[in-house]
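Asks: Below you'll find input-v8.txt; it's compact mmCIF, C-alpha atoms.
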```
# COMPACT_ATOMS: atom_id res chain seq x y z
CA MET T 1 -7.54 87.32 -41.38
CA LEU T 2 -6.08 86.78 -44.84
CA PRO T 3 -8.39 84.67 -47.01
CA THR T 4 -6.49 81.63 -48.27
CA TYR T 5 -9.19 79.53 -49.93
CA CYS T 6 -11.70 80.50 -52.64
CA PRO T 7 -15.14 81.12 -51.11
CA SER T 8 -16.73 79.85 -54.32
CA CYS T 9 -14.90 76.58 -55.11
CA ASN T 10 -12.67 76.18 -52.01
CA GLU T 11 -9.50 76.04 -54.14
CA GLN T 12 -6.32 77.52 -52.68
CA LEU T 13 -5.98 81.22 -53.58
CA LYS T 14 -2.93 82.85 -55.20
CA VAL T 15 -1.73 86.43 -54.72
CA LYS T 16 -2.44 88.46 -57.86
CA CYS T 17 -1.78 92.03 -56.77
CA LEU T 18 0.31 93.81 -54.12
CA HIS T 19 -0.10 97.50 -53.41
CA CYS T 20 2.30 100.10 -51.94
CA GLU T 21 0.38 102.58 -49.79
CA ASN T 22 3.28 105.07 -49.96
CA CYS T 23 3.69 105.53 -53.74
CA GLN T 24 0.55 103.69 -54.91
CA THR T 25 2.62 101.27 -57.01
CA GLU T 26 0.89 98.00 -57.76
CA VAL T 27 2.77 94.80 -58.42
CA THR T 28 0.74 92.22 -60.24
CA GLY T 29 1.60 88.62 -60.95
CA LYS T 30 0.76 85.14 -59.67
CA TYR T 31 2.37 84.40 -56.34
CA ASP T 32 1.89 81.50 -53.97
CA LEU T 33 0.74 82.32 -50.47
CA PRO T 34 3.38 81.63 -47.80
CA LEU T 35 2.98 78.21 -46.21
CA LEU T 36 2.37 79.67 -42.75
CA ALA T 37 -0.40 81.91 -44.11
CA LEU T 38 -2.36 78.78 -45.02
CA LEU T 39 -2.67 77.80 -41.35
CA THR T 40 -5.68 78.81 -39.27
CA SER T 41 -5.31 82.00 -37.23
CA GLU T 42 -5.09 79.90 -34.01
CA ASP T 43 -2.26 77.83 -35.48
CA GLN T 44 -0.46 80.96 -36.70
CA GLN T 45 -0.78 82.42 -33.21
CA PHE T 46 0.60 79.18 -31.75
CA ILE T 47 3.63 79.29 -34.08
CA THR T 48 4.23 82.96 -33.23
CA ARG T 49 4.16 82.21 -29.49
CA PHE T 50 6.34 79.12 -30.05
CA VAL T 51 9.03 81.21 -31.78
CA ILE T 52 8.79 83.96 -29.11
CA ASN T 53 9.29 81.26 -26.46
CA SER T 54 12.50 80.14 -28.24
CA GLY T 55 10.86 76.92 -29.41
CA SER T 56 10.46 75.67 -25.86
CA LEU T 57 7.47 73.38 -25.43
CA LYS T 58 7.94 73.60 -21.67
CA GLU T 59 7.57 77.39 -21.72
CA MET T 60 4.64 77.10 -24.15
CA SER T 61 2.86 74.69 -21.82
CA ALA T 62 3.36 77.12 -18.90
CA GLU T 63 2.07 80.04 -20.98
CA LEU T 64 -0.97 78.17 -22.34
CA LYS T 65 -1.59 76.40 -19.01
CA LEU T 66 -1.71 73.09 -20.87
CA SER T 67 0.27 69.91 -20.25
CA TYR T 68 3.53 69.29 -22.09
CA PRO T 69 2.21 66.37 -24.23
CA THR T 70 -0.89 68.40 -25.17
CA VAL T 71 1.28 71.25 -26.47
CA ARG T 72 3.54 68.76 -28.27
CA ASN T 73 0.46 67.18 -29.89
CA MET T 74 -0.74 70.64 -31.01
CA LEU T 75 2.66 71.28 -32.59
CA ASN T 76 2.64 67.85 -34.28
CA GLU T 77 -0.77 68.60 -35.81
CA ILE T 78 0.55 71.88 -37.21
CA ILE T 79 3.62 70.08 -38.59
CA ASN T 80 1.36 67.51 -40.28
CA GLN T 81 -0.78 70.33 -41.74
CA LEU T 82 2.32 72.13 -43.07
CA LYS T 83 3.63 68.91 -44.63
CA LYS T 84 0.22 68.39 -46.27
CA ASP T 85 0.13 71.98 -47.60
CA GLU T 86 3.73 71.71 -48.80
CA LYS T 87 2.86 68.91 -51.25
CA MET P 88 -13.17 64.74 -14.85
CA LEU P 89 -12.58 62.52 -17.88
CA ASN P 90 -9.49 64.12 -19.36
CA PRO P 91 -7.42 66.14 -16.88
CA PHE P 92 -4.31 65.28 -18.88
CA THR P 93 -4.70 68.20 -21.29
CA ARG P 94 -3.65 70.32 -18.30
CA ILE P 95 -1.76 67.89 -16.05
CA ALA P 96 0.87 65.36 -17.12
CA GLY P 97 4.42 64.31 -16.33
CA TRP P 98 5.81 64.68 -12.81
CA GLN P 99 2.88 66.83 -11.68
CA ALA P 100 0.40 64.09 -12.59
CA PHE P 101 2.65 61.46 -11.00
CA GLY P 102 2.81 63.43 -7.74
CA MET P 103 -0.95 63.93 -7.62
CA GLY P 104 -1.57 60.32 -8.62
CA LEU P 105 0.78 59.09 -5.92
CA VAL P 106 -1.18 60.98 -3.25
CA PHE P 107 -4.41 59.34 -4.47
CA VAL P 108 -2.75 55.91 -4.60
CA ILE P 109 -1.37 56.22 -1.04
CA ILE P 110 -4.77 57.28 0.33
CA THR P 111 -6.47 54.52 -1.69
CA GLY P 112 -3.99 51.91 -0.43
CA ILE P 113 -4.43 52.86 3.23
CA THR P 114 -8.22 53.21 2.92
CA GLY P 115 -8.49 49.94 1.03
CA THR P 116 -6.55 48.09 3.72
CA PHE P 117 -9.02 49.11 6.42
CA SER P 118 -12.14 48.78 4.26
CA ASN P 119 -11.02 45.30 3.07
CA VAL P 120 -10.87 46.27 -0.59
CA ALA P 121 -8.19 44.67 -2.74
CA PHE P 122 -7.11 46.26 -6.04
CA ASP P 123 -5.79 42.96 -7.31
CA GLY P 124 -5.46 43.66 -11.03
CA ALA P 125 -4.86 46.48 -13.50
CA ILE P 126 -8.63 47.01 -13.84
CA ASP P 127 -9.79 44.73 -11.07
CA MET P 128 -10.95 45.13 -7.49
CA HIS P 129 -12.55 42.91 -4.89
CA LEU P 130 -14.38 43.38 -1.62
CA GLY P 131 -13.93 41.48 1.61
CA GLN P 132 -10.23 40.62 1.49
CA LYS P 133 -8.36 40.98 4.76
CA LEU P 134 -5.09 42.69 3.81
CA THR P 135 -2.10 44.29 5.46
CA VAL P 136 -0.98 47.76 4.36
CA ALA P 137 2.03 46.11 2.66
CA HIS P 138 -0.20 43.77 0.62
CA SER P 139 -2.46 46.62 -0.37
CA PHE P 140 0.47 48.66 -1.65
CA GLN P 141 2.04 45.65 -3.37
CA PHE P 142 -1.23 45.19 -5.30
CA LEU P 143 -1.36 48.85 -6.31
CA ALA P 144 2.33 48.98 -7.23
CA ILE P 145 1.97 45.89 -9.45
CA ASP P 146 -1.21 47.35 -11.03
CA ILE P 147 0.47 50.64 -11.89
CA LEU P 148 3.78 49.12 -13.02
CA SER P 149 2.15 46.55 -15.29
CA VAL P 150 -0.02 49.26 -16.89
CA VAL P 151 2.91 51.68 -17.27
CA VAL P 152 5.25 49.06 -18.76
CA ILE P 153 2.68 47.74 -21.24
CA MET P 154 1.50 51.24 -22.21
CA THR P 155 5.14 52.27 -22.72
CA PHE P 156 5.67 49.33 -25.09
CA THR P 157 2.41 50.27 -26.83
CA GLY P 158 3.69 53.82 -27.17
CA LEU P 159 6.94 52.57 -28.69
CA ILE P 160 4.96 50.61 -31.30
CA ILE P 161 2.32 53.16 -32.27
CA SER P 162 3.77 56.57 -31.51
CA LYS P 163 6.65 58.53 -32.95
CA GLU P 164 7.53 60.38 -29.78
CA PHE P 165 6.46 60.36 -26.17
CA ARG P 166 7.95 60.74 -22.71
CA ILE P 167 7.85 57.81 -20.28
CA ILE P 168 7.22 60.26 -17.44
CA ASP P 169 3.96 61.29 -19.14
CA ILE P 170 2.82 57.66 -19.31
CA LEU P 171 3.88 57.08 -15.69
CA GLY P 172 2.25 60.28 -14.45
CA THR P 173 -1.03 60.07 -16.35
CA MET P 174 -1.49 56.34 -15.71
CA THR P 175 -0.85 56.84 -11.98
CA LEU P 176 -3.36 59.70 -11.84
CA SER P 177 -5.85 57.49 -13.72
CA LYS P 178 -6.06 55.39 -10.54
CA ALA P 179 -7.66 58.32 -8.67
CA PRO P 180 -11.30 57.10 -9.03
CA LEU P 181 -10.40 53.90 -7.14
CA ILE P 182 -10.48 55.92 -3.92
CA ILE P 183 -14.30 55.93 -4.23
CA PHE P 184 -14.41 52.14 -4.18
CA ALA P 185 -11.93 52.01 -1.29
CA ILE P 186 -14.21 54.32 0.76
CA ALA P 187 -17.36 52.44 -0.33
CA GLY P 188 -15.80 49.30 1.15
CA PHE P 189 -16.43 50.73 4.66
CA PHE P 190 -20.17 50.65 4.06
CA THR P 191 -20.56 47.00 3.20
CA VAL P 192 -19.99 43.61 4.72
CA SER P 193 -19.01 41.09 2.10
CA PRO P 194 -20.61 37.66 2.47
CA ASP P 195 -18.17 34.89 3.31
CA MET P 196 -16.61 33.35 0.20
CA ASN P 197 -17.27 29.77 1.41
CA GLU P 198 -20.93 30.67 1.96
CA ILE P 199 -21.12 32.20 -1.54
CA LEU P 200 -19.64 29.02 -3.03
CA LYS P 201 -22.23 26.92 -1.20
CA ASN P 202 -25.10 29.23 -2.11
CA PRO P 203 -24.32 31.98 -4.69
CA TYR P 204 -27.74 33.60 -4.11
CA ILE P 205 -26.59 34.64 -0.63
CA VAL P 206 -25.01 37.79 -2.16
CA PHE P 207 -28.51 39.08 -2.96
CA GLN P 208 -29.30 39.13 0.75
CA SER P 209 -26.71 41.87 1.34
CA VAL P 210 -28.14 45.13 -0.05
CA SER P 211 -24.96 47.08 0.79
CA PHE P 212 -22.84 44.49 -1.08
CA ILE P 213 -25.01 44.83 -4.18
CA LEU P 214 -24.93 48.65 -3.96
CA VAL P 215 -21.13 48.75 -3.64
CA THR P 216 -20.80 46.27 -6.51
CA ILE P 217 -23.02 48.57 -8.62
CA ILE P 218 -20.87 51.57 -7.60
CA SER P 219 -17.78 49.70 -8.79
CA ILE P 220 -19.06 49.65 -12.40
CA PRO P 221 -18.90 53.45 -13.03
CA VAL P 222 -15.67 53.59 -11.03
CA ILE P 223 -14.03 51.00 -13.34
CA ILE P 224 -15.46 52.75 -16.43
CA TRP P 225 -14.11 56.10 -15.18
CA ASN P 226 -10.74 54.49 -14.51
CA ILE P 227 -10.63 52.97 -18.01
CA ILE P 228 -11.68 56.26 -19.69
CA LEU P 229 -8.91 58.06 -17.81
CA MET P 230 -6.34 55.45 -18.88
CA PHE P 231 -7.56 55.73 -22.49
CA ASN P 232 -7.17 59.52 -22.43
CA ALA P 233 -3.81 59.15 -20.69
CA LEU P 234 -2.51 57.04 -23.59
CA LYS P 235 -4.12 59.38 -26.14
CA ILE P 236 -2.51 62.53 -24.73
CA SER P 237 0.83 60.97 -23.77
CA CYS P 238 1.42 59.37 -27.16
CA GLY P 239 -0.45 61.85 -29.37
CA ILE P 240 -2.45 59.23 -31.24
CA LYS P 241 -6.13 58.95 -32.06
CA GLY P 242 -8.73 57.03 -34.05
CA ASN P 243 -8.96 53.28 -34.54
CA LYS P 244 -5.22 52.83 -34.01
CA LEU P 245 -5.55 54.23 -30.49
CA ALA P 246 -8.70 52.25 -29.65
CA ILE P 247 -7.28 48.90 -30.81
CA ALA P 248 -3.89 49.49 -29.19
CA PHE P 249 -5.52 50.51 -25.91
CA ILE P 250 -7.83 47.48 -25.73
CA ILE P 251 -4.96 45.07 -26.39
CA ALA P 252 -2.66 46.90 -23.95
CA ILE P 253 -5.19 46.98 -21.13
CA LEU P 254 -5.99 43.28 -21.51
CA ILE P 255 -2.28 42.37 -21.47
CA SER P 256 -1.77 44.64 -18.45
CA GLU P 257 -4.58 42.89 -16.59
CA ILE P 258 -3.16 39.43 -17.36
CA ILE P 259 0.39 40.44 -16.38
CA SER P 260 -0.76 42.12 -13.16
CA LYS P 261 -2.71 38.97 -12.21
CA ILE P 262 0.30 36.74 -12.89
CA LEU P 263 2.63 39.02 -10.91
CA ILE P 264 0.22 39.31 -7.97
CA TYR P 265 -0.25 35.53 -7.90
CA ASN P 266 3.52 34.93 -7.94
CA ILE P 267 4.84 37.83 -5.86
CA VAL P 268 2.25 38.72 -3.22
CA LYS P 269 2.12 36.08 -0.50
CA ILE P 270 -1.05 36.39 1.58
```
Here is a file; write its structure as structure tokens.
Replies:
Amino acid sequence: MLPTYCPSCNEQLKVKCLHCENCQTEVTGKYDLPLLALLTSEDQQFITRFVINSGSLKEMSAELKLSYPTVRNMLNEIINQLKKDEK
Amino acid sequence: MLNPFTRIAGWQAFGMGLVFVIITGITGTFSNVAFDGAIDMHLGQKLTVAHSFQFLAIDILSVVVIMTFTGLIISKEFRIIDILGTMTLSKAPLIIFAIAGFFTVSPDMNEILKNPYIVFQSVSFILVTIISIPVIIWNIILMFNALKISCGIKGNKLAIAFIIAILISEIISKILIYNIVKI
């Protein structure tokens, strides 16, 4: 799991260095983490399954064996989290 | 037990709820239990099957209509079928009270009015009345969770909206029963 928050002060982390395993090139800078990477691993998994299921809440509810409104509420919570992180 | 709606909602919940309601209505008719209000029930009423089902239909419809209006006010998005299904399934615990009605003989209402202490002479009546308390609480918890899951709301907003909605539902169901059901 990619760390997204500082373990010392809990501030959001930035990407400073990226490494190529093929030619050993390192790219350094100060990059923001992608918005989806800031979600918990469970939420990321949910989004992945949601996209694989063509964005169908009905199919998601069948796959997760949860009711339709429960799955919709889970999605709404992720949307609210993304909107919060976006600001 | 308290929140089946995370797994069951919509038409599935409505179908299951309907089965419970039908059994409750038939059982209640023969055990002389009347579900004459959204969160109300009484022992010792001689009813026909039609009256019993009229009571239950009014109970469910008044709750569903008021909860739908509540949903429109406090929630961004919800499906009416989820409200209908989950609220119907919330009536499932009432079957316990309908069955319990077989095991008690309710004192005559005129006798109770003459001497209210007469109810304490019937142990079975007191026991069934005590049983009705957790049944009503269970029913209310289920309705609360039904609104919570169906409308995707939580916190104080949910609690306040639910209390107001359930009180209005009870009043409306009483008015409708008084005006529609002719016993």
Asks: Tell me the residues of chain P close to chain T, meaning within 7 Å using all atoms listed in the file, as a compact mmCIF listing (two decimals) with C-alpha atoms, keeping the file's coordinate frame.
Replies:
```
# COMPACT_ATOMS: atom_id res chain seq x y z
CA PHE P 92 -4.31 65.28 -18.88
CA THR P 93 -4.70 68.20 -21.29
CA ARG P 94 -3.65 70.32 -18.30
CA ILE P 95 -1.76 67.89 -16.05
CA ALA P 96 0.87 65.36 -17.12
CA ILE P 236 -2.51 62.53 -24.73
CA SER P 237 0.83 60.97 -23.77
CA GLY P 239 -0.45 61.85 -29.37
```
Asks: Could you put an axis-aligned box around every listed atom of range 107-121 of chain P, padded by 8 Å on each side, and send me its centre and edge lengths in Å to one decimal, as JSON?
Replies:
```
{"center_x": -6.8, "center_y": 52.0, "center_z": 0.9, "size_x": 26.8, "size_y": 30.7, "size_z": 27.0}
```
Asks: Residues near range 29-44 of chain T, anyone? I mean within 12 Å using all atoms listed in the file, not counting same-chain ones fewer than 2 positions away, as a VMD selection string.
Replies: chain T and resid 1 to 5 11 to 19 26 to 27 46 to 51 71 74 to 87
Asks: Give me, please, the distance in Å between CA of Asn90 in chain P and CA of Gly112 in chain P, quoted to one decimal.
Replies: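 Value for the CA of Asn90 in chain P-CA of Gly112 in chain P distance: 23.2 Å.
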Asks: State, in Å with one decimal place, the distance from CA of Glu59 in chain T to CA of Gln99 in chain P.
Replies: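 Those two atoms sit 15.3 Å apart.
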Asks: Tell me, as an mmCIF file with C-alpha atoms, in the frame of the given file, which residues lie within 7 Å of Ile168 in chain P, counting all atoms listed in the file; anything in the same chain fewer than 4 positions away does not count.
Replies:
```cif
data_model
loop_
_atom_site.group_PDB
_atom_site.id
_atom_site.type_symbol
_atom_site.label_atom_id
_atom_site.label_comp_id
_atom_site.auth_asym_id
_atom_site.auth_seq_id
_atom_site.Cartn_x
_atom_site.Cartn_y
_atom_site.Cartn_z
ATOM 1 C CA GLY P 97 4.420 64.310 -16.330
ATOM 2 C CA TRP P 98 5.810 64.680 -12.810
ATOM 3 C CA GLY P 172 2.250 60.280 -14.450
#
```
Asks: For Ile170 in chain P, list every protein, DNA or RNA residue within 10 Å, evaluated using all atoms listed in the file, and leave out those in the same chain fewer than 3 positions away; present the list as a short mmCIF file (atom, residue, chain, number, x, y, z; two decimals) with C-alpha atoms, keeping the file's coordinate frame.
Replies:
```cif
data_model
loop_
_atom_site.label_atom_id
_atom_site.label_comp_id
_atom_site.auth_asym_id
_atom_site.auth_seq_id
_atom_site.Cartn_x
_atom_site.Cartn_y
_atom_site.Cartn_z
CA ALA P 96 0.87 65.36 -17.12
CA GLY P 97 4.42 64.31 -16.33
CA ALA P 100 0.40 64.09 -12.59
CA PHE P 101 2.65 61.46 -11.00
CA VAL P 150 -0.02 49.26 -16.89
CA VAL P 151 2.91 51.68 -17.27
CA VAL P 152 5.25 49.06 -18.76
CA MET P 154 1.50 51.24 -22.21
CA THR P 155 5.14 52.27 -22.72
CA GLY P 158 3.69 53.82 -27.17
CA PHE P 165 6.46 60.36 -26.17
CA ARG P 166 7.95 60.74 -22.71
CA ILE P 167 7.85 57.81 -20.28
CA THR P 173 -1.03 60.07 -16.35
CA MET P 174 -1.49 56.34 -15.71
CA THR P 175 -0.85 56.84 -11.98
CA LEU P 176 -3.36 59.70 -11.84
CA MET P 230 -6.34 55.45 -18.88
CA ALA P 233 -3.81 59.15 -20.69
CA LEU P 234 -2.51 57.04 -23.59
CA LYS P 235 -4.12 59.38 -26.14
CA ILE P 236 -2.51 62.53 -24.73
CA SER P 237 0.83 60.97 -23.77
CA CYS P 238 1.42 59.37 -27.16
#
```
Asks: CA of Phe140 in chain P to CA of Thr114 in chain P: how many Å, to one decimal?
Replies: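 Those two atoms sit 10.8 Å apart.
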Asks: Given the choices P:Ala179, P:Val215, P:Ile199, P:Ile145, which gets closest to His129 in chain P if the distance is worked out from all atoms listed in the file?
Replies: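 Checking each of P:Ala179, P:Val215, P:Ile199, P:Ile145 against His129 in chain P, counting all atoms listed in the file, the winner is P:Val215.
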Asks: Here is a test: counting all atoms listed in the file, which residue of P:Leu214, P:Ile161, P:Leu143, P:Ile224 is nearest to Ile247 in chain P?
Replies: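 Using all atoms listed in the file, the shortest distance to Ile247 in chain P belongs to P:Ile161.
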Asks: For Ala246 in chain P, which residue out of P:Ser118, P:Thr157, P:Ser193, P:Ser211 is the nearest one, using only C-alpha atoms?
Replies: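 So, comparing all the options, the nearest one is P:Thr157.
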Asks: With distances taken over only C-alpha atoms, which of P:Val120, P:Ile262, P:Ile250, P:Ile110 is nearest to Val192 in chain P?
Replies: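 Counting only C-alpha atoms, the residue closest to Val192 in chain P is P:Val120.
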